[in-house]
$ cat entry_6.cif   # mmCIF, C-alpha atoms and all ligand atoms
data_work
loop_
_atom_site.label_atom_id
_atom_site.label_comp_id
_atom_site.auth_asym_id
_atom_site.auth_seq_id
_atom_site.Cartn_x
_atom_site.Cartn_y
_atom_site.Cartn_z
CA MET A 1 14.01 31.54 3.57
CA ASN A 2 10.76 31.72 1.63
CA ALA A 3 9.29 28.98 -0.50
CA ARG A 4 10.05 30.69 -3.79
CA THR A 5 13.78 30.47 -3.18
CA ASN A 6 13.46 26.68 -3.14
CA ASP A 7 11.63 26.73 -6.44
CA THR A 8 14.63 28.21 -8.18
CA LEU A 9 16.99 25.49 -6.95
CA LYS A 10 17.66 22.23 -8.69
CA SER A 11 17.04 18.75 -7.29
CA ALA A 12 20.76 18.04 -6.93
CA ASP A 13 21.33 21.18 -4.84
CA LEU A 14 18.36 20.45 -2.63
CA PHE A 15 19.46 16.84 -2.12
CA ALA A 16 22.97 17.96 -1.11
CA ARG A 17 21.38 20.19 1.52
CA ALA A 18 18.96 17.47 2.63
CA LEU A 19 21.82 15.04 3.18
CA LYS A 20 23.20 17.40 5.81
CA VAL A 21 20.04 17.53 7.89
CA SER A 22 18.33 14.14 7.48
CA PRO A 23 19.60 10.56 7.36
CA GLY A 24 20.13 9.75 3.69
CA GLY A 25 18.51 13.08 2.86
CA VAL A 26 14.99 11.67 3.23
CA HIS A 27 12.13 10.95 5.61
CA SER A 28 11.32 7.50 4.21
CA PRO A 29 14.09 5.35 2.71
CA VAL A 30 12.84 4.54 -0.81
CA ARG A 31 12.66 8.24 -1.69
CA ALA A 32 16.47 8.40 -1.72
CA PHE A 33 16.68 6.53 -5.08
CA LYS A 34 19.17 4.05 -3.57
CA SER A 35 17.81 1.10 -5.51
CA VAL A 36 17.73 2.91 -8.85
CA GLY A 37 20.78 5.13 -8.36
CA GLY A 38 21.14 8.82 -9.22
CA THR A 39 19.84 11.90 -7.49
CA PRO A 40 16.20 11.99 -6.41
CA GLN A 41 13.91 14.26 -8.39
CA PHE A 42 12.41 16.92 -6.10
CA PHE A 43 8.83 18.04 -6.67
CA SER A 44 7.14 21.25 -5.64
CA SER A 45 3.53 20.73 -6.66
CA ALA A 46 1.12 18.27 -8.21
CA LYS A 47 -2.25 18.16 -9.95
CA GLY A 48 -4.24 15.26 -11.34
CA ALA A 49 -1.95 12.67 -12.92
CA TYR A 50 1.01 15.05 -12.90
CA LEU A 51 3.84 16.01 -10.58
CA THR A 52 5.76 19.22 -11.16
CA GLY A 53 9.48 19.08 -10.49
CA VAL A 54 11.31 21.93 -8.78
CA GLU A 55 12.90 22.71 -12.15
CA GLY A 56 9.42 23.30 -13.58
CA GLU A 57 9.03 20.13 -15.65
CA LYS A 58 5.86 18.03 -15.47
CA PHE A 59 5.94 14.27 -14.95
CA ILE A 60 3.18 11.69 -15.37
CA ASP A 61 3.02 10.15 -11.90
CA PHE A 62 2.54 6.40 -11.41
CA CYS A 63 3.70 6.46 -7.79
CA GLN A 64 0.74 8.50 -6.50
CA SER A 65 2.38 8.89 -3.11
CA PHE A 66 2.61 5.07 -2.94
CA GLY A 67 -1.10 4.56 -3.20
CA PRO A 68 -3.24 7.03 -1.24
CA LEU A 69 -4.13 9.27 -4.19
CA ILE A 70 -6.61 7.06 -6.02
CA LEU A 71 -8.37 10.10 -7.46
CA GLY A 72 -5.10 11.75 -8.45
CA HIS A 73 -3.45 14.81 -6.93
CA LEU A 74 -5.65 17.64 -5.65
CA ASP A 75 -8.95 16.23 -6.86
CA ASP A 76 -11.30 19.24 -7.18
CA GLU A 77 -14.09 17.74 -5.11
CA VAL A 78 -11.82 16.65 -2.26
CA LEU A 79 -9.94 19.95 -2.41
CA GLU A 80 -13.13 21.88 -1.81
CA VAL A 81 -13.87 19.83 1.31
CA VAL A 82 -10.30 20.22 2.55
CA GLU A 83 -10.39 24.01 2.09
CA GLU A 84 -13.69 24.21 3.91
CA THR A 85 -12.37 22.06 6.76
CA VAL A 86 -9.08 23.88 7.37
CA LYS A 87 -11.13 27.00 7.92
CA MET A 88 -13.33 25.18 10.41
CA ALA A 89 -10.83 23.47 12.72
CA TRP A 90 -7.44 21.75 12.53
CA SER A 91 -7.81 19.42 15.44
CA PHE A 92 -10.18 19.00 18.35
CA GLY A 93 -8.72 16.39 20.66
CA ALA A 94 -12.36 15.93 21.57
CA CYS A 95 -15.51 14.39 20.16
CA GLU A 96 -16.68 15.71 16.77
CA PRO A 97 -19.07 14.45 14.07
CA TYR A 98 -16.56 14.02 11.22
CA SER A 99 -14.94 10.78 12.32
CA LEU A 100 -18.43 9.49 13.12
CA GLU A 101 -19.56 10.16 9.56
CA LEU A 102 -16.58 8.32 8.10
CA ALA A 103 -16.92 5.44 10.58
CA GLU A 104 -20.64 5.06 9.81
CA TRP A 105 -19.98 5.21 6.09
CA ILE A 106 -17.38 2.45 6.30
CA THR A 107 -19.22 0.16 8.71
CA SER A 108 -22.42 0.44 6.68
CA ARG A 109 -20.62 -0.86 3.58
CA ILE A 110 -18.04 -3.29 4.90
CA LYS A 111 -19.87 -5.85 6.97
CA TRP A 112 -16.82 -7.45 8.62
CA VAL A 113 -15.93 -4.04 10.04
CA GLU A 114 -18.49 -3.79 12.83
CA LYS A 115 -16.41 -1.35 14.87
CA LEU A 116 -13.29 0.60 14.02
CA ARG A 117 -10.73 2.99 15.47
CA PHE A 118 -8.93 5.70 13.50
CA VAL A 119 -5.18 6.25 13.87
CA SER A 120 -2.66 8.27 11.84
CA SER A 121 -0.73 5.74 9.74
CA GLY A 122 -0.79 2.19 8.43
CA THR A 123 1.99 1.20 10.79
CA GLU A 124 -0.01 2.40 13.76
CA ALA A 125 -3.09 0.52 12.54
CA VAL A 126 -1.13 -2.75 12.28
CA MET A 127 0.63 -2.25 15.61
CA SER A 128 -2.71 -1.68 17.32
CA ALA A 129 -4.50 -4.58 15.60
CA VAL A 130 -1.72 -6.93 16.73
CA ARG A 131 -2.01 -5.65 20.30
CA VAL A 132 -5.77 -6.19 20.31
CA ALA A 133 -5.31 -9.70 18.90
CA ARG A 134 -2.96 -10.51 21.78
CA GLY A 135 -5.21 -8.90 24.36
CA PHE A 136 -8.30 -10.69 23.07
CA THR A 137 -6.81 -14.17 22.74
CA GLY A 138 -4.46 -13.99 25.72
CA LYS A 139 -1.78 -15.48 23.42
CA ASN A 140 1.52 -13.93 22.36
CA LYS A 141 2.74 -15.08 18.96
CA ILE A 142 1.96 -13.59 15.56
CA LEU A 143 2.51 -15.41 12.26
CA LYS A 144 3.45 -13.42 9.16
CA PHE A 145 4.56 -14.26 5.62
CA SER A 146 7.87 -13.36 4.03
CA GLY A 147 7.14 -10.98 1.16
CA CYS A 148 4.48 -9.11 3.13
CA TYR A 149 5.12 -5.67 4.58
CA HIS A 150 3.17 -4.41 7.56
CA GLY A 151 4.80 -1.08 8.27
CA HIS A 152 7.77 -0.55 10.55
CA VAL A 153 6.39 -1.93 13.81
CA ASP A 154 9.19 -3.80 15.63
CA SER A 155 7.55 -7.20 15.93
CA LEU A 156 6.88 -7.36 12.17
CA LEU A 157 10.26 -6.09 10.98
CA VAL A 158 11.46 -9.66 10.89
CA LYS A 159 12.56 -12.17 8.28
CA ALA A 160 12.62 -15.95 8.15
CA GLY A 161 15.35 -17.24 10.47
CA SER A 162 17.91 -19.74 9.26
CA GLY A 163 17.01 -22.46 11.74
CA LEU A 164 13.71 -24.22 12.44
CA ALA A 165 10.72 -23.65 10.18
CA GLY A 166 8.73 -20.64 11.30
CA LEU A 167 11.31 -19.00 13.52
CA ALA A 168 11.96 -15.34 12.79
CA ALA A 169 15.08 -13.20 12.96
CA SER A 170 15.31 -9.44 13.29
CA ASP A 171 15.31 -7.65 9.92
CA SER A 172 16.49 -4.27 11.19
CA ALA A 173 19.12 -3.08 13.59
CA GLY A 174 17.32 -1.93 16.71
CA VAL A 175 14.75 -4.72 16.59
CA SER A 176 15.84 -7.06 19.34
CA GLU A 177 15.97 -10.81 18.84
CA SER A 178 13.64 -11.22 21.83
CA VAL A 179 10.97 -9.14 20.07
CA ALA A 180 11.59 -11.01 16.80
CA ALA A 181 11.16 -14.29 18.68
CA GLU A 182 7.47 -13.42 19.29
CA THR A 183 6.85 -13.57 15.55
CA LEU A 184 6.77 -16.59 13.25
CA VAL A 185 7.46 -16.37 9.53
CA THR A 186 6.43 -18.66 6.72
CA MET A 187 6.23 -18.51 2.91
CA LEU A 188 3.40 -17.23 0.75
CA ASP A 189 1.68 -19.67 -1.63
CA ASP A 190 2.57 -22.74 0.44
CA GLU A 191 -0.33 -24.30 2.36
CA LYS A 192 1.80 -27.16 3.67
CA ALA A 193 4.47 -24.94 5.21
CA PHE A 194 1.79 -22.71 6.72
CA LEU A 195 -0.17 -25.58 8.27
CA GLU A 196 2.98 -27.06 9.74
CA VAL A 197 3.93 -23.84 11.52
CA LEU A 198 0.33 -23.29 12.64
CA GLU A 199 0.01 -26.84 14.00
CA LYS A 200 3.22 -26.56 15.97
CA ASN A 201 2.42 -23.14 17.46
CA LYS A 202 -1.37 -22.88 17.72
CA ALA A 203 -1.41 -22.96 21.51
CA SER A 204 0.59 -19.71 21.65
CA LEU A 205 -0.55 -18.13 18.37
CA ALA A 206 -2.76 -15.04 18.71
CA ALA A 207 -3.09 -14.14 15.05
CA VAL A 208 -2.03 -14.69 11.47
CA ILE A 209 -1.43 -11.44 9.60
CA ILE A 210 -1.27 -11.28 5.83
CA GLU A 211 -1.55 -8.79 3.01
CA PRO A 212 -4.29 -10.56 1.02
CA LEU A 213 -2.75 -8.77 -1.95
CA PRO A 214 0.96 -8.59 -1.15
CA ALA A 215 2.05 -5.41 -2.94
CA ASN A 216 5.19 -4.27 -1.16
CA TYR A 217 7.74 -6.70 -2.65
CA GLY A 218 6.42 -6.60 -6.16
CA LEU A 219 2.82 -7.67 -6.67
CA LEU A 220 2.47 -11.24 -5.44
CA ILE A 221 -1.10 -12.14 -6.37
CA GLN A 222 -2.18 -15.08 -4.21
CA ARG A 223 -4.34 -18.05 -5.13
CA LYS A 224 -7.79 -17.73 -3.56
CA GLU A 225 -7.53 -21.34 -2.29
CA PHE A 226 -4.38 -20.47 -0.34
CA LEU A 227 -6.10 -17.60 1.47
CA GLN A 228 -9.20 -19.72 2.04
CA LYS A 229 -7.06 -22.43 3.60
CA ILE A 230 -5.49 -19.87 5.94
CA SER A 231 -8.89 -18.52 6.89
CA GLU A 232 -10.31 -22.01 7.61
CA ALA A 233 -7.29 -23.13 9.60
CA CYS A 234 -7.39 -19.96 11.72
CA ARG A 235 -11.07 -20.42 12.49
CA LYS A 236 -10.59 -24.07 13.41
CA ASN A 237 -7.71 -23.32 15.79
CA SER A 238 -9.04 -20.16 17.50
CA VAL A 239 -6.36 -18.02 15.87
CA LEU A 240 -7.44 -14.57 14.66
CA LEU A 241 -7.02 -13.65 11.00
CA ILE A 242 -5.81 -10.10 10.33
CA PHE A 243 -5.98 -8.82 6.77
CA ASP A 244 -3.54 -5.96 6.29
CA GLU A 245 -5.38 -4.02 3.59
CA VAL A 246 -3.47 -0.77 4.05
CA ILE A 247 -2.60 -0.81 0.34
CA SER A 248 -5.50 -2.84 -1.11
CA GLY A 249 -8.38 -1.50 1.00
CA PHE A 250 -10.65 0.89 -0.98
CA ARG A 251 -8.12 0.52 -3.83
CA VAL A 252 -8.88 -2.78 -5.57
CA ALA A 253 -12.55 -2.61 -4.49
CA MET A 254 -14.38 -0.68 -1.78
CA GLY A 255 -14.06 -3.67 0.56
CA GLY A 256 -10.52 -4.43 -0.61
CA MET A 257 -9.35 -7.99 -1.26
CA ALA A 258 -11.70 -9.36 1.40
CA GLU A 259 -14.58 -8.29 -0.82
CA THR A 260 -12.87 -9.42 -4.04
CA LEU A 261 -12.15 -12.87 -2.61
CA GLY A 262 -15.20 -13.25 -0.40
CA ILE A 263 -13.08 -14.03 2.65
CA GLN A 264 -13.83 -12.25 5.93
CA PRO A 265 -11.02 -11.48 8.35
CA ASP A 266 -11.54 -11.04 12.09
CA LEU A 267 -9.58 -7.79 12.05
CA VAL A 268 -8.54 -5.57 9.16
CA THR A 269 -6.16 -2.63 8.84
CA TYR A 270 -6.55 0.27 6.43
CA GLY A 271 -4.42 3.28 5.52
CA LYS A 272 -3.38 5.03 2.31
CA VAL A 273 -6.65 5.57 0.31
CA ILE A 274 -8.75 5.93 3.48
CA GLY A 275 -7.29 9.38 4.18
CA GLY A 276 -7.46 10.66 0.59
CA GLY A 277 -3.80 11.77 0.81
CA PHE A 278 -3.78 12.81 4.48
CA PRO A 279 -2.26 10.76 7.34
CA VAL A 280 -5.07 8.41 8.33
CA GLY A 281 -5.03 4.76 9.29
CA CYS A 282 -7.71 2.55 10.75
CA TYR A 283 -8.15 -0.85 12.33
CA GLY A 284 -11.45 -2.59 12.81
CA GLY A 285 -13.37 -5.82 12.70
CA ARG A 286 -15.62 -7.94 14.89
CA SER A 287 -17.17 -5.86 17.64
CA ASP A 288 -16.48 -8.47 20.35
CA ILE A 289 -12.77 -8.07 19.55
CA MET A 290 -12.82 -4.29 19.06
CA ASP A 291 -14.61 -3.88 22.40
CA PHE A 292 -11.32 -4.97 23.98
CA VAL A 293 -9.91 -1.55 23.03
CA ALA A 294 -9.78 1.19 25.68
CA PRO A 295 -11.85 2.79 27.07
CA SER A 296 -14.38 -0.02 26.60
CA GLY A 297 -11.76 -2.72 27.19
CA PRO A 298 -8.30 -3.39 28.65
CA VAL A 299 -6.15 -2.90 25.50
CA TYR A 300 -4.67 0.60 25.58
CA GLN A 301 -4.37 2.62 22.37
CA ALA A 302 -4.59 6.39 21.88
CA GLY A 303 -3.56 9.28 19.62
CA THR A 304 -3.30 13.06 20.05
CA LEU A 305 -4.16 13.77 16.41
CA SER A 306 -6.26 10.64 15.80
CA ALA A 307 -9.34 11.27 13.65
CA ASN A 308 -7.97 14.59 12.48
CA PRO A 309 -10.89 16.43 10.85
CA VAL A 310 -9.06 17.27 7.60
CA GLY A 311 -8.10 13.64 7.07
CA MET A 312 -11.55 12.39 8.06
CA ARG A 313 -13.37 14.67 5.64
CA ALA A 314 -10.85 14.23 2.81
CA GLY A 315 -11.18 10.47 3.29
CA LEU A 316 -14.96 10.52 3.23
CA ALA A 317 -15.06 12.79 0.17
CA THR A 318 -12.67 10.41 -1.59
CA LEU A 319 -14.65 7.28 -0.72
CA LYS A 320 -17.96 8.89 -1.72
CA LYS A 321 -16.56 9.85 -5.10
CA LEU A 322 -15.12 6.36 -5.61
CA GLU A 323 -18.57 4.91 -5.05
CA ARG A 324 -20.59 7.47 -7.00
CA GLU A 325 -18.36 7.47 -10.08
CA LYS A 326 -17.79 3.69 -10.00
CA VAL A 327 -14.09 4.47 -10.07
CA HIS A 328 -12.99 0.89 -9.37
CA VAL A 329 -14.71 -0.45 -12.48
CA ILE A 330 -13.27 2.30 -14.68
CA LEU A 331 -9.75 1.94 -13.26
CA GLU A 332 -9.83 -1.83 -13.66
CA LYS A 333 -10.57 -1.45 -17.38
CA ARG A 334 -8.05 1.33 -17.95
CA THR A 335 -5.33 -0.49 -16.05
CA HIS A 336 -6.00 -3.71 -17.94
CA GLU A 337 -5.65 -2.00 -21.31
CA PHE A 338 -2.68 0.09 -20.25
CA THR A 339 -0.70 -2.81 -18.80
CA GLN A 340 -1.35 -4.94 -21.89
CA GLU A 341 0.00 -2.21 -24.15
CA LEU A 342 2.94 -1.59 -21.84
CA GLU A 343 3.75 -5.30 -21.81
CA LYS A 344 3.77 -5.34 -25.62
CA LEU A 345 6.26 -2.49 -25.67
CA LEU A 346 8.49 -4.13 -23.06
CA ARG A 347 8.48 -7.39 -25.00
CA GLU A 348 9.35 -5.60 -28.22
CA TYR A 349 12.21 -3.49 -26.85
CA ILE A 350 13.49 -5.27 -23.73
CA GLY A 351 12.61 -8.97 -23.93
CA PRO A 352 10.26 -11.41 -22.22
CA MET A 353 8.52 -9.33 -19.57
CA LYS A 354 5.12 -9.28 -17.95
CA VAL A 355 3.03 -6.44 -16.58
CA ILE A 356 0.51 -7.84 -14.12
CA HIS A 357 -2.20 -5.95 -12.27
CA GLN A 358 -4.96 -6.28 -9.70
CA GLY A 359 -7.41 -3.42 -10.03
CA SER A 360 -5.33 -0.27 -10.48
CA ILE A 361 -2.13 -1.69 -8.94
CA PHE A 362 0.43 -2.94 -11.46
CA TRP A 363 3.92 -4.43 -11.50
CA MET A 364 6.36 -5.18 -14.32
CA HIS A 365 8.80 -8.05 -14.07
CA SER A 366 10.70 -10.61 -16.13
CA ASP A 367 8.59 -13.37 -17.63
CA LEU A 368 9.86 -16.42 -15.77
CA GLY A 369 7.29 -18.71 -17.37
CA PHE A 370 5.15 -18.94 -14.22
CA SER A 371 3.17 -16.60 -11.97
CA ILE A 372 5.37 -15.10 -9.26
CA ARG A 373 3.44 -15.64 -6.05
CA LYS A 374 6.16 -15.57 -3.45
CA TYR A 375 9.05 -13.33 -2.60
CA GLU A 376 11.56 -16.17 -2.92
CA ASP A 377 10.63 -16.58 -6.62
CA ILE A 378 11.55 -13.05 -7.72
CA ASN A 379 14.63 -13.22 -9.95
CA LYS A 380 17.76 -11.80 -8.37
CA ASP A 381 18.50 -9.43 -11.27
CA HIS A 382 15.02 -7.89 -11.09
CA GLY A 383 16.18 -4.70 -9.38
CA GLU A 384 19.00 -4.15 -11.89
CA ASN A 385 16.65 -4.62 -14.85
CA PHE A 386 14.16 -2.18 -13.41
CA LYS A 387 16.84 0.49 -12.93
CA LYS A 388 17.28 0.90 -16.69
CA ILE A 389 13.57 1.14 -17.33
CA PHE A 390 13.12 3.59 -14.47
CA HIS A 391 15.76 6.05 -15.71
CA ALA A 392 14.72 5.80 -19.36
CA ALA A 393 11.13 6.55 -18.31
CA LEU A 394 12.22 9.43 -16.06
CA LYS A 395 14.03 11.04 -19.01
CA GLN A 396 10.70 11.00 -20.83
CA ASN A 397 9.06 12.63 -17.78
CA ILE A 398 7.34 9.50 -16.53
CA TYR A 399 7.74 9.02 -12.78
CA LEU A 400 7.63 5.44 -11.55
CA ALA A 401 8.14 4.50 -7.89
CA PRO A 402 11.95 4.43 -7.51
CA SER A 403 12.39 0.71 -6.84
CA GLY A 404 11.63 -2.44 -8.79
CA TYR A 405 10.02 -3.88 -5.67
CA GLU A 406 7.44 -1.10 -5.50
CA VAL A 407 4.24 -1.38 -7.49
CA GLY A 408 2.73 1.27 -9.76
CA PHE A 409 -0.67 2.90 -9.33
CA LEU A 410 -3.18 4.32 -11.75
CA GLY A 411 -5.47 7.00 -10.43
CA PHE A 412 -8.81 8.31 -11.69
CA ALA A 413 -6.92 11.31 -13.09
CA HIS A 414 -5.01 9.05 -15.50
CA SER A 415 -7.40 9.61 -18.40
CA GLU A 416 -7.24 7.45 -21.51
CA ALA A 417 -5.59 10.35 -23.35
CA ILE A 418 -2.88 10.66 -20.68
CA LEU A 419 -2.27 6.93 -20.76
CA GLN A 420 -1.93 7.01 -24.55
CA GLU A 421 0.57 9.87 -24.24
CA CYS A 422 2.43 7.82 -21.65
CA LEU A 423 2.64 4.79 -23.92
CA SER A 424 4.14 6.88 -26.76
CA LYS A 425 6.69 8.27 -24.33
CA MET A 426 7.45 4.80 -22.97
CA LYS A 427 8.13 3.65 -26.51
CA LEU A 428 10.69 6.43 -26.97
CA ALA A 429 12.14 5.59 -23.55
CA LEU A 430 12.49 1.88 -24.17
CA LYS A 431 14.13 2.47 -27.57
CA THR A 432 17.04 4.12 -25.74
CA ILE A 433 17.82 1.04 -23.62
C1 LIG B 1 2.04 1.11 3.42
C2 LIG B 1 1.71 -0.10 4.19
C3 LIG B 1 1.83 -0.15 5.58
C4 LIG B 1 2.42 0.98 6.39
O1 LIG B 1 1.65 2.13 6.31
P1 LIG B 1 2.34 3.54 6.71
O2 LIG B 1 1.22 4.53 6.57
O3 LIG B 1 3.45 3.73 5.73
O4 LIG B 1 2.82 3.39 8.10
C5 LIG B 1 1.44 -1.30 6.25
N1 LIG B 1 0.95 -2.34 5.57
C6 LIG B 1 0.81 -2.34 4.23
C7 LIG B 1 0.24 -3.52 3.54
C8 LIG B 1 1.21 -1.22 3.49
O5 LIG B 1 1.11 -1.24 2.16
#
$ encode --input "entry_6.cif" --output "structure tokens" --more "lines below"
Ligand SMILES: *Cc1c(COP(=O)(O)O)cnc(C)c1O
Amino acid sequence: MNARTNDTLKSADLFARALKVSPGGVHSPVRAFKSVGGTPQFFSSAKGAYLTGVEGEKFIDFCQSFGPLILGHLDDEVLEVVEETVKMAWSFGACEPYSLELAEWITSRIKWVEKLRFVSSGTEAVMSAVRVARGFTGKNKILKFSGCYHGHVDSLLVKAGSGLAGLAASDSAGVSESVAAETLVTMLDDEKAFLEVLEKNKASLAAVIIEPLPANYGLLIQRKEFLQKISEACRKNSVLLIFDEVISGFRVAMGGMAETLGIQPDLVTYGKVIGGGFPVGCYGGRSDIMDFVAPSGPVYQAGTLSANPVGMRAGLATLKKLEREKVHVILEKRTHEFTQELEKLLREYIGPMKVIHQGSIFWMHSDLGFSIRKYEDINKDHGENFKKIFHAALKQNIYLAPSGYEVGFLGFAHSEAILQECLSKMKLALKTI
């Protein structure tokens, strides 16, 4: 069957077929629209700030593939590099200069990344960083925070257990309780709880891992003092600090939240923006720790397609453009203005709501009268409220990530004119609720 045949089919028909060949019809759960209901919209192409549905309609896209596309879809400059590269080589499985160029570019700008290793996804980056932390410290336990997502690596697919403070329970079938028992879980925004768990477990604790900007269960902007406290306590107790900046790295600033906050982790993980839309992840940090990675050290980690040349060159082209065009500064301003206007509309037509943002990442939620900084504080009806907004927006051809717990992204392709157009459409959308 050729590609054009698909173009003539509707989303509902395609989804019915997809359900027969893939679990839930998808290759990553949130795409199935389970939390918002209805049939997923299928898309066949994209350009700039827009997605084109298989039915031919254009949508303003605020999902941006969940974050990688900070320049928008098919940025002309990156596209040129990608076209050039696919004609050069698809994969070497050997040494080449392209990963070197990207590695040198990153390490010359981000001083806490002295050495790094490229992998093919954020999950892989986190999994590897955790392994290195264990290998380096000779300790086994990892501490994470509820409300932070670190990909689908077994040891981090855990939730707070019901018993003693800090103990974790498996959060997915197939993750054994013995694996979950290697991980400790505590709450965000709570120094006291954190220090208690740390104190009790420091002898066996290899690392603390945190999203310095938790952006996978809403946007839970942390107090700087909380993160500073974590950093100090880790240093004092010979526990490594891993910043998972897969979503915030190169997105909120070139050096991610570590740069924004002025806090240096021992290890950091990147993904999403670093590959400019291609499957690239990366972990890096202090060279004495990274030298534990094979072949220079005893911690094994490898990848057939690691440092794929298309991803490496698309990533570098993206990062260079971000720097040259001062994209972070522009996006900060645009996102600030856009979210303020959006919040006004939501307040007028829906009720007390807030639209918060950090850089170009935004999240809308009910105004509870305080800043939501931990997962446990999100109101239980949040998902239901978002559903209505999501579908009203979709009818006006605005595509938001299909879950109230996902954040929204602005890209460089969201011009002021497009954002204005979006606000007029949102007004029409919200009037229908
Ligand atoms: C997206 C994300 C991951 C997982 O990355 P994948 O490329 O989806 O495996 C891990 N950590 C954080 C903070 C993320 O946002």
$ closest_residue --input "entry_6.cif" --among "A:Leu14, A:Ile378, A:Ala429, A:Val132" --to "Gly297 (chain A)" --atoms "all atoms listed in the file"
A:Val132
$ residues_near_ligand --input "entry_6.cif" --ligand "ligand LIG 1 (chain B)" --cutoff "10 Å" --atoms "all atoms listed in the file" --output "ChimeraX atom specification"
/A:28,66-68,119-127,148-153,210-217,243-249,269-272,278-281,406
$ residues_around --input "entry_6.cif" --residues "Leu240 (chain A)" --least-positions-apart "4" --cutoff "12 Å" --atoms "all atoms listed in the file" --output "VMD selection string"
chain A and resid 129 to 143 198 202 204 to 210 230 to 236 264 to 268 285 to 286 289
$ atom_distance --input "entry_6.cif" --atom1 "CA of Arg251 (chain A)" --atom2 "CA of Ile356 (chain A)"
15.8 Å
$ residues_around --input "entry_6.cif" --residues "Gly262 (chain A)" --least-positions-apart "3" --cutoff "12 Å" --atoms "all atoms listed in the file" --output "ChimeraX atom specification"
/A:110-112,212,224-225,227-228,231,253,255-259,265
